[in-house]
>>> print(open('entry19.pdb').read())   # PDB, C-alpha atoms and all ligand atoms
ATOM      1  CA  MET A   1       0.000   0.000   0.000
ATOM      2  CA  LYS A   2       1.179   3.520  -0.738
ATOM      3  CA  GLY A   3       2.102   5.672   2.226
ATOM      4  CA  ILE A   4       0.734   9.028   3.245
ATOM      5  CA  LEU A   5       2.119  12.430   2.319
ATOM      6  CA  VAL A   6       2.021  15.216   4.897
ATOM      7  CA  THR A   7       3.041  18.705   3.755
ATOM      8  CA  ILE A   8       4.389  21.310   6.159
ATOM      9  CA  ASP A   9       4.754  24.801   4.765
ATOM     10  CA  GLY A  10       5.523  28.078   6.475
ATOM     11  CA  PRO A  11       7.965  30.950   6.777
ATOM     12  CA  ALA A  12      11.545  30.794   8.100
ATOM     13  CA  GLY A  13      11.669  30.072  11.824
ATOM     14  CA  SER A  14       8.079  28.855  12.068
ATOM     15  CA  GLY A  15       9.341  25.497  13.332
ATOM     16  CA  LYS A  16       8.857  23.569  10.083
ATOM     17  CA  SER A  17      12.093  21.592  10.140
ATOM     18  CA  SER A  18      11.925  20.515  13.783
ATOM     19  CA  VAL A  19       8.246  19.638  13.506
ATOM     20  CA  ALA A  20       8.668  17.808  10.183
ATOM     21  CA  ARG A  21      11.602  15.767  11.528
ATOM     22  CA  GLN A  22       9.756  14.702  14.662
ATOM     23  CA  VAL A  23       6.440  13.997  12.957
ATOM     24  CA  ALA A  24       8.220  11.907  10.315
ATOM     25  CA  GLY A  25      10.043   9.973  13.045
ATOM     26  CA  ARG A  26       6.854   9.280  14.973
ATOM     27  CA  LEU A  27       4.952   8.225  11.844
ATOM     28  CA  GLY A  28       7.882   6.084  10.738
ATOM     29  CA  VAL A  29       8.202   7.849   7.373
ATOM     30  CA  VAL A  30      10.965   9.941   5.818
ATOM     31  CA  ASN A  31      11.365  13.703   6.031
ATOM     32  CA  LEU A  32      11.954  15.549   2.789
ATOM     33  CA  ASN A  33      13.267  19.098   3.140
ATOM     34  CA  THR A  34      12.681  20.822  -0.202
ATOM     35  CA  GLY A  35      14.463  23.999   0.923
ATOM     36  CA  ALA A  36      17.700  22.016   0.550
ATOM     37  CA  ALA A  37      17.174  21.885  -3.237
ATOM     38  CA  TYR A  38      16.760  25.680  -3.421
ATOM     39  CA  ARG A  39      19.752  26.136  -1.153
ATOM     40  CA  ALA A  40      21.883  23.811  -3.298
ATOM     41  CA  ALA A  41      20.905  25.728  -6.448
ATOM     42  CA  ALA A  42      21.805  28.993  -4.681
ATOM     43  CA  LEU A  43      25.121  27.603  -3.446
ATOM     44  CA  LEU A  44      25.985  26.492  -6.956
ATOM     45  CA  ALA A  45      25.038  29.923  -8.344
ATOM     46  CA  LEU A  46      27.282  31.609  -5.759
ATOM     47  CA  ARG A  47      30.144  29.198  -6.470
ATOM     48  CA  GLU A  48      29.864  29.834 -10.199
ATOM     49  CA  LYS A  49      29.473  33.580  -9.614
ATOM     50  CA  ALA A  50      26.245  33.547 -11.612
ATOM     51  CA  ASP A  51      23.995  36.574 -11.810
ATOM     52  CA  LEU A  52      21.233  35.703  -9.303
ATOM     53  CA  SER A  53      18.597  37.182 -11.595
ATOM     54  CA  ASP A  54      19.722  35.451 -14.800
ATOM     55  CA  GLY A  55      16.767  33.079 -15.340
ATOM     56  CA  PRO A  56      18.172  30.740 -18.031
ATOM     57  CA  ARG A  57      21.517  30.441 -16.208
ATOM     58  CA  LEU A  58      19.782  29.652 -12.901
ATOM     59  CA  ALA A  59      17.559  27.059 -14.556
ATOM     60  CA  ALA A  60      20.622  25.379 -16.095
ATOM     61  CA  LEU A  61      22.377  25.332 -12.721
ATOM     62  CA  ALA A  62      19.261  23.976 -10.962
ATOM     63  CA  SER A  63      19.158  21.025 -13.380
ATOM     64  CA  ARG A  64      22.342  19.763 -11.690
ATOM     65  CA  VAL A  65      20.555  19.522  -8.302
ATOM     66  CA  SER A  66      18.881  16.414  -6.914
ATOM     67  CA  LEU A  67      17.014  15.780  -3.673
ATOM     68  CA  ASP A  68      16.417  12.837  -1.363
ATOM     69  CA  PRO A  69      15.544  12.404   2.322
ATOM     70  CA  ASP A  70      19.212  12.791   3.301
ATOM     71  CA  GLY A  71      19.555  16.171   1.627
ATOM     72  CA  ALA A  72      20.541  17.719  -1.679
ATOM     73  CA  SER A  73      23.253  16.801  -4.173
ATOM     74  CA  ILE A  74      24.984  18.711  -6.939
ATOM     75  CA  ASP A  75      26.048  16.610  -9.944
ATOM     76  CA  GLY A  76      25.274  13.534  -7.831
ATOM     77  CA  GLU A  77      27.555  14.598  -5.009
ATOM     78  CA  ARG A  78      26.067  15.220  -1.551
ATOM     79  CA  VAL A  79      26.318  18.827  -0.342
ATOM     80  CA  ASP A  80      27.342  19.232   3.292
ATOM     81  CA  GLU A  81      24.578  20.651   5.529
ATOM     82  CA  PRO A  82      26.707  23.500   6.969
ATOM     83  CA  ASP A  83      27.450  24.708   3.422
ATOM     84  CA  LEU A  84      23.718  24.912   2.757
ATOM     85  CA  ARG A  85      22.898  26.719   5.999
ATOM     86  CA  SER A  86      25.197  29.773   5.843
ATOM     87  CA  PRO A  87      23.473  33.188   5.983
ATOM     88  CA  GLU A  88      24.817  33.956   2.462
ATOM     89  CA  VAL A  89      23.220  30.821   1.033
ATOM     90  CA  SER A  90      19.957  31.491   2.934
ATOM     91  CA  ALA A  91      19.711  34.966   1.420
ATOM     92  CA  ALA A  92      20.690  33.741  -2.062
ATOM     93  CA  ALA A  93      18.182  30.840  -1.883
ATOM     94  CA  SER A  94      15.357  33.254  -1.230
ATOM     95  CA  LYS A  95      16.571  35.467  -4.087
ATOM     96  CA  VAL A  96      16.927  32.726  -6.721
ATOM     97  CA  SER A  97      13.656  31.096  -5.737
ATOM     98  CA  VAL A  98      11.616  33.974  -7.210
ATOM     99  CA  ASN A  99      12.776  32.780 -10.621
ATOM    100  CA  ALA A 100      10.059  30.882 -12.538
ATOM    101  CA  GLY A 101      12.477  28.891 -14.723
ATOM    102  CA  LEU A 102      14.446  27.642 -11.730
ATOM    103  CA  ARG A 103      11.221  26.644  -9.940
ATOM    104  CA  GLU A 104      10.055  24.804 -13.046
ATOM    105  CA  VAL A 105      13.264  22.748 -13.017
ATOM    106  CA  LEU A 106      13.034  21.983  -9.287
ATOM    107  CA  LEU A 107       9.328  21.043  -9.379
ATOM    108  CA  PRO A 108       9.777  17.542 -10.902
ATOM    109  CA  VAL A 109      12.854  17.013  -8.715
ATOM    110  CA  GLN A 110      10.723  17.510  -5.587
ATOM    111  CA  ARG A 111       7.783  15.500  -6.950
ATOM    112  CA  ALA A 112      10.018  12.575  -7.892
ATOM    113  CA  ALA A 113      11.576  12.493  -4.417
ATOM    114  CA  ALA A 114       8.126  12.631  -2.790
ATOM    115  CA  SER A 115       6.718   9.942  -5.002
ATOM    116  CA  GLU A 116       9.640   7.624  -4.302
ATOM    117  CA  ALA A 117       9.162   8.242  -0.578
ATOM    118  CA  ARG A 118       5.434   7.554  -0.869
ATOM    119  CA  GLU A 119       6.151   4.186  -2.463
ATOM    120  CA  ARG A 120       8.373   3.371   0.498
ATOM    121  CA  GLY A 121       5.802   4.205   3.173
ATOM    122  CA  GLY A 122       5.234   7.961   3.010
ATOM    123  CA  ALA A 123       6.873  11.271   3.796
ATOM    124  CA  VAL A 124       6.589  14.533   5.613
ATOM    125  CA  VAL A 125       7.538  17.130   2.998
ATOM    126  CA  GLU A 126       8.424  20.645   4.122
ATOM    127  CA  GLY A 127       8.826  23.859   2.145
ATOM    128  CA  ARG A 128       6.917  26.945   1.052
ATOM    129  CA  ASP A 129       4.594  25.787  -1.733
ATOM    130  CA  ILE A 130       4.328  22.066  -1.102
ATOM    131  CA  GLY A 131       0.610  22.053  -0.253
ATOM    132  CA  THR A 132      -0.281  24.602  -2.937
ATOM    133  CA  VAL A 133       1.898  23.584  -5.908
ATOM    134  CA  VAL A 134       4.252  20.627  -5.440
ATOM    135  CA  LEU A 135       1.867  18.102  -3.840
ATOM    136  CA  PRO A 136      -1.658  19.498  -4.091
ATOM    137  CA  ASP A 137      -3.077  15.975  -3.559
ATOM    138  CA  ALA A 138      -1.279  15.309  -0.264
ATOM    139  CA  GLU A 139      -3.450  13.669   2.403
ATOM    140  CA  LEU A 140      -2.644  16.222   5.103
ATOM    141  CA  LYS A 141      -1.496  19.822   4.660
ATOM    142  CA  VAL A 142      -0.229  21.896   7.552
ATOM    143  CA  PHE A 143       0.812  25.544   7.419
ATOM    144  CA  LEU A 144       2.830  26.789  10.383
ATOM    145  CA  LYS A 145       2.989  30.445  11.247
ATOM    146  CA  ALA A 146       4.483  32.369  14.168
ATOM    147  CA  ASP A 147       5.106  35.912  15.241
ATOM    148  CA  PRO A 148       8.247  37.324  13.469
ATOM    149  CA  ASP A 149       9.991  38.218  16.771
ATOM    150  CA  GLU A 150       9.503  34.704  18.067
ATOM    151  CA  ARG A 151      10.776  33.243  14.795
ATOM    152  CA  ALA A 152      13.914  35.406  14.992
ATOM    153  CA  ARG A 153      14.483  34.277  18.595
ATOM    154  CA  ARG A 154      14.160  30.621  17.618
ATOM    155  CA  ARG A 155      16.506  30.987  14.661
ATOM    156  CA  ALA A 156      19.097  32.810  16.826
ATOM    157  CA  LYS A 157      18.946  30.087  19.455
ATOM    158  CA  GLN A 158      19.071  27.297  16.896
ATOM    159  CA  THR A 159      22.177  28.743  15.225
ATOM    160  CA  GLY A 160      23.901  29.901  18.426
ATOM    161  CA  ARG A 161      23.822  33.531  17.235
ATOM    162  CA  GLU A 162      21.844  35.054  20.130
ATOM    163  CA  GLY A 163      23.942  38.237  19.933
ATOM    164  CA  GLU A 164      22.749  38.898  16.391
ATOM    165  CA  LEU A 165      19.015  38.970  17.042
ATOM    166  CA  ASP A 166      18.387  42.264  15.194
ATOM    167  CA  ARG A 167      20.277  41.119  12.130
ATOM    168  CA  ILE A 168      18.452  37.778  12.122
ATOM    169  CA  ARG A 169      15.064  39.481  12.510
ATOM    170  CA  GLU A 170      15.863  41.700   9.529
ATOM    171  CA  ALA A 171      17.068  38.791   7.372
ATOM    172  CA  ILE A 172      13.925  36.820   8.223
ATOM    173  CA  SER A 173      11.589  39.673   7.351
ATOM    174  CA  ARG A 174      13.448  40.232   4.068
ATOM    175  CA  ARG A 175      13.003  36.548   3.199
ATOM    176  CA  ASP A 176       9.336  36.657   4.293
ATOM    177  CA  ARG A 177       8.741  39.547   1.947
ATOM    178  CA  GLN A 178      10.523  37.878  -0.956
ATOM    179  CA  ASP A 179       8.809  34.527  -0.382
ATOM    180  CA  SER A 180       5.294  35.943   0.073
ATOM    181  CA  GLU A 181       5.368  38.615  -2.607
ATOM    182  CA  ARG A 182       6.880  36.634  -5.468
ATOM    183  CA  GLU A 183       4.610  36.010  -8.434
ATOM    184  CA  VAL A 184       5.343  32.304  -8.841
ATOM    185  CA  SER A 185       4.343  29.977  -6.004
ATOM    186  CA  PRO A 186       4.211  32.587  -3.237
ATOM    187  CA  LEU A 187       4.285  31.445   0.363
ATOM    188  CA  LYS A 188       0.646  30.998   1.408
ATOM    189  CA  PRO A 189      -1.504  28.283   2.963
ATOM    190  CA  ALA A 190      -3.365  25.941   0.597
ATOM    191  CA  ASP A 191      -7.149  26.356   0.787
ATOM    192  CA  ASP A 192      -7.397  22.960   2.463
ATOM    193  CA  ALA A 193      -4.412  23.420   4.809
ATOM    194  CA  VAL A 194      -4.708  23.412   8.598
ATOM    195  CA  VAL A 195      -3.056  26.623   9.807
ATOM    196  CA  LEU A 196      -1.314  26.378  13.192
ATOM    197  CA  ASP A 197       0.033  29.441  14.965
ATOM    198  CA  THR A 198       3.063  28.136  16.860
ATOM    199  CA  THR A 199       4.039  31.412  18.585
ATOM    200  CA  SER A 200       3.162  30.255  22.065
ATOM    201  CA  LEU A 201       3.283  26.506  21.518
ATOM    202  CA  SER A 202       6.153  24.219  22.433
ATOM    203  CA  LEU A 203       7.653  21.958  19.792
ATOM    204  CA  GLU A 204       6.050  18.953  21.487
ATOM    205  CA  GLU A 205       2.629  20.641  21.417
ATOM    206  CA  VAL A 206       2.871  21.356  17.688
ATOM    207  CA  VAL A 207       4.117  17.832  16.950
ATOM    208  CA  SER A 208       1.287  16.322  18.927
ATOM    209  CA  GLN A 209      -1.321  18.462  17.112
ATOM    210  CA  VAL A 210       0.035  17.384  13.726
ATOM    211  CA  LEU A 211       0.094  13.738  14.822
ATOM    212  CA  ASP A 212      -3.530  14.051  15.968
ATOM    213  CA  LEU A 213      -4.438  15.393  12.531
ATOM    214  CA  ALA A 214      -2.555  12.519  10.872
ATOM    215  CA  ASP A 215      -4.314  10.054  13.178
ATOM    216  CA  GLY A 216      -7.647  11.421  12.045
ATOM    217  CA  LEU A 217      -6.856  10.228   8.514
ATOM    218  CA  ARG A 218      -6.593   6.582   9.420
TER     219      ARG A 218
HETATM  220  O1  LIG B   1      13.147  26.101   4.049
HETATM  221  P1  LIG B   1      14.439  26.842   3.820
HETATM  222  O2  LIG B   1      14.581  28.058   4.672
HETATM  223  O3  LIG B   1      15.630  25.947   3.880
HETATM  224  O4  LIG B   1      14.351  27.353   2.292
HETATM  225  C1  LIG B   1      15.294  28.227   1.741
HETATM  226  C2  LIG B   1      14.623  29.119   0.712
HETATM  227  O5  LIG B   1      14.207  28.324  -0.404
HETATM  228  C3  LIG B   1      13.357  29.816   1.202
HETATM  229  O6  LIG B   1      13.609  31.101   1.749
HETATM  230  C4  LIG B   1      12.514  29.941  -0.041
HETATM  231  O7  LIG B   1      12.805  31.141  -0.708
HETATM  232  C5  LIG B   1      12.976  28.797  -0.911
HETATM  233  N1  LIG B   1      12.018  27.698  -0.963
HETATM  234  C6  LIG B   1      10.979  27.796  -1.852
HETATM  235  N2  LIG B   1      10.093  26.769  -2.001
HETATM  236  C7  LIG B   1      10.225  25.646  -1.253
HETATM  237  C8  LIG B   1      11.283  25.535  -0.300
HETATM  238  C9  LIG B   1      12.156  26.596  -0.175
HETATM  239  O8  LIG B   1      10.835  28.820  -2.529
HETATM  240  N3  LIG B   1       9.355  24.637  -1.435
END
>>> encode(input="entry19.pdb", output="structure tokens")
Amino acid sequence: MKGILVTIDGPAGSGKSSVARQVAGRLGVVNLNTGAAYRAAALLALREKADLSDGPRLAALASRVSLDPDGASIDGERVDEPDLRSPEVSAAASKVSVNAGLREVLLPVQRAAASEARERGGAVVEGRDIGTVVLPDAELKVFLKADPDERARRRAKQTGREGELDRIREAISRRDRQDSEREVSPLKPADDAVVLDTTSLSLEEVVSQVLDLADGLR
């Protein structure tokens, strides 16, 4: 039997990655982090000193990216997590992801990874447009949101950069703006998504709410 697909979308710092990881673990399915594909494309663009608004160039670079539950690869070679997580790559990922051609290339990459995971029992797939565009037929769609100050605090704590709270808050709101205002696949909840405000919820509380929703599907 095919497994279930749960999508978790939301802005930076909303808790997506932690929630997706834990929910996947508890459901016994894999966690697919689609942001890694955008980050890998951005890293490649930075390495190759590409113009971050050159659509055809970005699309060509993105075609060298692949995705699986362990992360992203470039030309079949795994990219190290810390390389994908630098502030430069975060900012560049948000910038390149407004490009329609690049998104078109990464769409089948994400769908293929999700469909392979579904065959093997299911997946929790996290990103920005997973419920709206990548997997509109997923069984359960969750959209996490949280107050921007709280998201900045979480990101600072998570990255051990508590002293840089203002800078992190600014970077997050810049990415929010770029992600929500872009024309192609903007960040927004799917019509049939369950929206959870995680501002005053603990990780365990959010995980348990998502698991309850998943339970309701059985
Ligand atoms: O989720 P993460 O912060 O790693 O994603 C990095 C960037 O990739 C986001 O800021 C967003 O611009 C882009 N992204 C996207 N669509 C997705 C996943 C990520 O546009 N499905």
>>> residues_near_ligand(input="entry19.pdb", ligand="ligand LIG 1 (chain B)", cutoff="10 Å", atoms="all atoms listed in the file", output="JSON, numbers by chain")
{"A": [8, 9, 10, 11, 12, 13, 14, 16, 17, 33, 34, 35, 36, 37, 38, 39, 40, 41, 42, 84, 85, 89, 90, 91, 92, 93, 94, 95, 96, 97, 98, 99, 102, 103, 106, 107, 110, 125, 126, 127, 128, 129, 130, 131, 132, 133, 134, 172, 174, 175, 176, 177, 178, 179, 180, 182, 184, 185, 186, 187]}
>>> write_last_selection(input="entry19.pdb", atoms="C-alpha atoms", output="mmCIF file, keeping the file's coordinate frame")
data_model
loop_
_atom_site.group_PDB
_atom_site.id
_atom_site.type_symbol
_atom_site.label_atom_id
_atom_site.label_comp_id
_atom_site.auth_asym_id
_atom_site.auth_seq_id
_atom_site.Cartn_x
_atom_site.Cartn_y
_atom_site.Cartn_z
ATOM 1 C CA ILE A 8 4.389 21.310 6.159
ATOM 2 C CA ASP A 9 4.754 24.801 4.765
ATOM 3 C CA GLY A 10 5.523 28.078 6.475
ATOM 4 C CA PRO A 11 7.965 30.950 6.777
ATOM 5 C CA ALA A 12 11.545 30.794 8.100
ATOM 6 C CA GLY A 13 11.669 30.072 11.824
ATOM 7 C CA SER A 14 8.079 28.855 12.068
ATOM 8 C CA LYS A 16 8.857 23.569 10.083
ATOM 9 C CA SER A 17 12.093 21.592 10.140
ATOM 10 C CA ASN A 33 13.267 19.098 3.140
ATOM 11 C CA THR A 34 12.681 20.822 -0.202
ATOM 12 C CA GLY A 35 14.463 23.999 0.923
ATOM 13 C CA ALA A 36 17.700 22.016 0.550
ATOM 14 C CA ALA A 37 17.174 21.885 -3.237
ATOM 15 C CA TYR A 38 16.760 25.680 -3.421
ATOM 16 C CA ARG A 39 19.752 26.136 -1.153
ATOM 17 C CA ALA A 40 21.883 23.811 -3.298
ATOM 18 C CA ALA A 41 20.905 25.728 -6.448
ATOM 19 C CA ALA A 42 21.805 28.993 -4.681
ATOM 20 C CA LEU A 84 23.718 24.912 2.757
ATOM 21 C CA ARG A 85 22.898 26.719 5.999
ATOM 22 C CA VAL A 89 23.220 30.821 1.033
ATOM 23 C CA SER A 90 19.957 31.491 2.934
ATOM 24 C CA ALA A 91 19.711 34.966 1.420
ATOM 25 C CA ALA A 92 20.690 33.741 -2.062
ATOM 26 C CA ALA A 93 18.182 30.840 -1.883
ATOM 27 C CA SER A 94 15.357 33.254 -1.230
ATOM 28 C CA LYS A 95 16.571 35.467 -4.087
ATOM 29 C CA VAL A 96 16.927 32.726 -6.721
ATOM 30 C CA SER A 97 13.656 31.096 -5.737
ATOM 31 C CA VAL A 98 11.616 33.974 -7.210
ATOM 32 C CA ASN A 99 12.776 32.780 -10.621
ATOM 33 C CA LEU A 102 14.446 27.642 -11.730
ATOM 34 C CA ARG A 103 11.221 26.644 -9.940
ATOM 35 C CA LEU A 106 13.034 21.983 -9.287
ATOM 36 C CA LEU A 107 9.328 21.043 -9.379
ATOM 37 C CA GLN A 110 10.723 17.510 -5.587
ATOM 38 C CA VAL A 125 7.538 17.130 2.998
ATOM 39 C CA GLU A 126 8.424 20.645 4.122
ATOM 40 C CA GLY A 127 8.826 23.859 2.145
ATOM 41 C CA ARG A 128 6.917 26.945 1.052
ATOM 42 C CA ASP A 129 4.594 25.787 -1.733
ATOM 43 C CA ILE A 130 4.328 22.066 -1.102
ATOM 44 C CA GLY A 131 0.610 22.053 -0.253
ATOM 45 C CA THR A 132 -0.281 24.602 -2.937
ATOM 46 C CA VAL A 133 1.898 23.584 -5.908
ATOM 47 C CA VAL A 134 4.252 20.627 -5.440
ATOM 48 C CA ILE A 172 13.925 36.820 8.223
ATOM 49 C CA ARG A 174 13.448 40.232 4.068
ATOM 50 C CA ARG A 175 13.003 36.548 3.199
ATOM 51 C CA ASP A 176 9.336 36.657 4.293
ATOM 52 C CA ARG A 177 8.741 39.547 1.947
ATOM 53 C CA GLN A 178 10.523 37.878 -0.956
ATOM 54 C CA ASP A 179 8.809 34.527 -0.382
ATOM 55 C CA SER A 180 5.294 35.943 0.073
ATOM 56 C CA ARG A 182 6.880 36.634 -5.468
ATOM 57 C CA VAL A 184 5.343 32.304 -8.841
ATOM 58 C CA SER A 185 4.343 29.977 -6.004
ATOM 59 C CA PRO A 186 4.211 32.587 -3.237
ATOM 60 C CA LEU A 187 4.285 31.445 0.363
#
>>> resolve_selection(input="entry19.pdb", expression="the PyMOL selection byres (((chain A and resi 151) around 10) and not hetatm)", output="number ranges by chain")
A: 11-15, 145-150, 152-157, 168-169, 172-173, 198-199
>>> write_last_selection(input="entry19.pdb", atoms="C-alpha atoms", output="PDB file, in the frame of the given file")
ATOM      1  CA  PRO A  11       7.965  30.950   6.777  1.00  0.00           C
ATOM      2  CA  ALA A  12      11.545  30.794   8.100  1.00  0.00           C
ATOM      3  CA  GLY A  13      11.669  30.072  11.824  1.00  0.00           C
ATOM      4  CA  SER A  14       8.079  28.855  12.068  1.00  0.00           C
ATOM      5  CA  GLY A  15       9.341  25.497  13.332  1.00  0.00           C
ATOM      6  CA  LYS A 145       2.989  30.445  11.247  1.00  0.00           C
ATOM      7  CA  ALA A 146       4.483  32.369  14.168  1.00  0.00           C
ATOM      8  CA  ASP A 147       5.106  35.912  15.241  1.00  0.00           C
ATOM      9  CA  PRO A 148       8.247  37.324  13.469  1.00  0.00           C
ATOM     10  CA  ASP A 149       9.991  38.218  16.771  1.00  0.00           C
ATOM     11  CA  GLU A 150       9.503  34.704  18.067  1.00  0.00           C
ATOM     12  CA  ALA A 152      13.914  35.406  14.992  1.00  0.00           C
ATOM     13  CA  ARG A 153      14.483  34.277  18.595  1.00  0.00           C
ATOM     14  CA  ARG A 154      14.160  30.621  17.618  1.00  0.00           C
ATOM     15  CA  ARG A 155      16.506  30.987  14.661  1.00  0.00           C
ATOM     16  CA  ALA A 156      19.097  32.810  16.826  1.00  0.00           C
ATOM     17  CA  LYS A 157      18.946  30.087  19.455  1.00  0.00           C
ATOM     18  CA  ILE A 168      18.452  37.778  12.122  1.00  0.00           C
ATOM     19  CA  ARG A 169      15.064  39.481  12.510  1.00  0.00           C
ATOM     20  CA  ILE A 172      13.925  36.820   8.223  1.00  0.00           C
ATOM     21  CA  SER A 173      11.589  39.673   7.351  1.00  0.00           C
ATOM     22  CA  THR A 198       3.063  28.136  16.860  1.00  0.00           C
ATOM     23  CA  THR A 199       4.039  31.412  18.585  1.00  0.00           C
TER      24      THR A 199
END
>>> residues_near_point(input="entry19.pdb", point="(20.7, 15.6, -7.8)", cutoff="7 Å", atoms="all atoms listed in the file", output="PyMOL selection string")
chain A and resi 64-67+72-76
>>> atom_distance(input="entry19.pdb", atom1="atom CA of A:Pro56", atom2="atom CA of A:Ala171")
26.7 Å
>>> closest_residue(input="entry19.pdb", among="A:Asp68, A:Glu204, A:Glu170, A:Asp197", to="A:Ala112", atoms="all atoms listed in the file")
A:Asp68
>>> residues_around(input="entry19.pdb", residues="A:Ser115", least_positions_apart="2", cutoff="12 Å", atoms="only C-alpha atoms", output="mmCIF file with C-alpha atoms, in the frame of the given file")
data_model
loop_
_atom_site.group_PDB
_atom_site.id
_atom_site.type_symbol
_atom_site.label_atom_id
_atom_site.label_comp_id
_atom_site.auth_asym_id
_atom_site.auth_seq_id
_atom_site.Cartn_x
_atom_site.Cartn_y
_atom_site.Cartn_z
ATOM 1 C CA LYS A 2 1.179 3.520 -0.738
ATOM 2 C CA GLY A 3 2.102 5.672 2.226
ATOM 3 C CA ILE A 4 0.734 9.028 3.245
ATOM 4 C CA LEU A 5 2.119 12.430 2.319
ATOM 5 C CA VAL A 30 10.965 9.941 5.818
ATOM 6 C CA LEU A 32 11.954 15.549 2.789
ATOM 7 C CA LEU A 67 17.014 15.780 -3.673
ATOM 8 C CA ASP A 68 16.417 12.837 -1.363
ATOM 9 C CA PRO A 69 15.544 12.404 2.322
ATOM 10 C CA PRO A 108 9.777 17.542 -10.902
ATOM 11 C CA VAL A 109 12.854 17.013 -8.715
ATOM 12 C CA GLN A 110 10.723 17.510 -5.587
ATOM 13 C CA ARG A 111 7.783 15.500 -6.950
ATOM 14 C CA ALA A 112 10.018 12.575 -7.892
ATOM 15 C CA ALA A 113 11.576 12.493 -4.417
ATOM 16 C CA ALA A 117 9.162 8.242 -0.578
ATOM 17 C CA ARG A 118 5.434 7.554 -0.869
ATOM 18 C CA GLU A 119 6.151 4.186 -2.463
ATOM 19 C CA ARG A 120 8.373 3.371 0.498
ATOM 20 C CA GLY A 121 5.802 4.205 3.173
ATOM 21 C CA GLY A 122 5.234 7.961 3.010
ATOM 22 C CA ALA A 123 6.873 11.271 3.796
ATOM 23 C CA VAL A 124 6.589 14.533 5.613
ATOM 24 C CA VAL A 125 7.538 17.130 2.998
ATOM 25 C CA VAL A 134 4.252 20.627 -5.440
ATOM 26 C CA LEU A 135 1.867 18.102 -3.840
ATOM 27 C CA ASP A 137 -3.077 15.975 -3.559
ATOM 28 C CA ALA A 138 -1.279 15.309 -0.264
#
>>> atom_distance(input="entry19.pdb", atom1="atom CA of A:Leu27", atom2="atom CA of A:Ala193")
19.2 Å
>>> axis_aligned_box(input="entry19.pdb", around="stretch 43-57 of chain A", padding_each_side="3 Å", output="JSON")
{"center_x": 23.5, "center_y": 31.8, "center_z": -10.7, "size_x": 19.4, "size_y": 16.7, "size_z": 20.6}
>>> atom_distance(input="entry19.pdb", atom1="atom CA of A:Arg47", atom2="atom CA of A:Leu61")
10.7 Å
>>> closest_residue(input="entry19.pdb", among="A:Pro189, A:Gly101, A:Pro136, A:Gly28", to="A:Ser63", atoms="all atoms listed in the file")
A:Gly101
>>> build_atoms(input="entry19.pdb", residues="stretch 161-172 of chain A", atoms="N, CA and C atoms", output="mmCIF file, keeping the file's coordinate frame")
data_model
loop_
_atom_site.group_PDB
_atom_site.id
_atom_site.type_symbol
_atom_site.label_atom_id
_atom_site.label_comp_id
_atom_site.auth_asym_id
_atom_site.auth_seq_id
_atom_site.Cartn_x
_atom_site.Cartn_y
_atom_site.Cartn_z
ATOM 1 N N ARG A 161 23.450 32.149 17.550
ATOM 2 C CA ARG A 161 23.822 33.531 17.235
ATOM 3 C C ARG A 161 22.916 34.509 17.989
ATOM 4 N N GLU A 162 22.756 34.231 19.321
ATOM 5 C CA GLU A 162 21.844 35.054 20.130
ATOM 6 C C GLU A 162 22.200 36.538 20.099
ATOM 7 N N GLY A 163 23.510 36.842 19.941
ATOM 8 C CA GLY A 163 23.942 38.237 19.933
ATOM 9 C C GLY A 163 23.545 38.983 18.666
ATOM 10 N N GLU A 164 23.050 38.255 17.681
ATOM 11 C CA GLU A 164 22.749 38.898 16.391
ATOM 12 C C GLU A 164 21.254 38.948 16.099
ATOM 13 N N LEU A 165 20.470 39.058 17.186
ATOM 14 C CA LEU A 165 19.015 38.970 17.042
ATOM 15 C C LEU A 165 18.450 39.971 16.022
ATOM 16 N N ASP A 166 18.935 41.238 16.096
ATOM 17 C CA ASP A 166 18.387 42.264 15.194
ATOM 18 C C ASP A 166 18.661 41.903 13.733
ATOM 19 N N ARG A 167 19.903 41.458 13.505
ATOM 20 C CA ARG A 167 20.277 41.119 12.130
ATOM 21 C C ARG A 167 19.446 39.922 11.619
ATOM 22 N N ILE A 168 19.221 38.960 12.512
ATOM 23 C CA ILE A 168 18.452 37.778 12.122
ATOM 24 C C ILE A 168 16.999 38.158 11.838
ATOM 25 N N ARG A 169 16.452 39.054 12.707
ATOM 26 C CA ARG A 169 15.064 39.481 12.510
ATOM 27 C C ARG A 169 14.908 40.163 11.137
ATOM 28 N N GLU A 170 15.903 40.988 10.812
ATOM 29 C CA GLU A 170 15.863 41.700 9.529
ATOM 30 C C GLU A 170 15.953 40.728 8.345
ATOM 31 N N ALA A 171 16.889 39.756 8.465
ATOM 32 C CA ALA A 171 17.068 38.791 7.372
ATOM 33 C C ALA A 171 15.803 37.965 7.177
ATOM 34 N N ILE A 172 15.158 37.608 8.297
ATOM 35 C CA ILE A 172 13.925 36.820 8.223
ATOM 36 C C ILE A 172 12.818 37.636 7.555
#
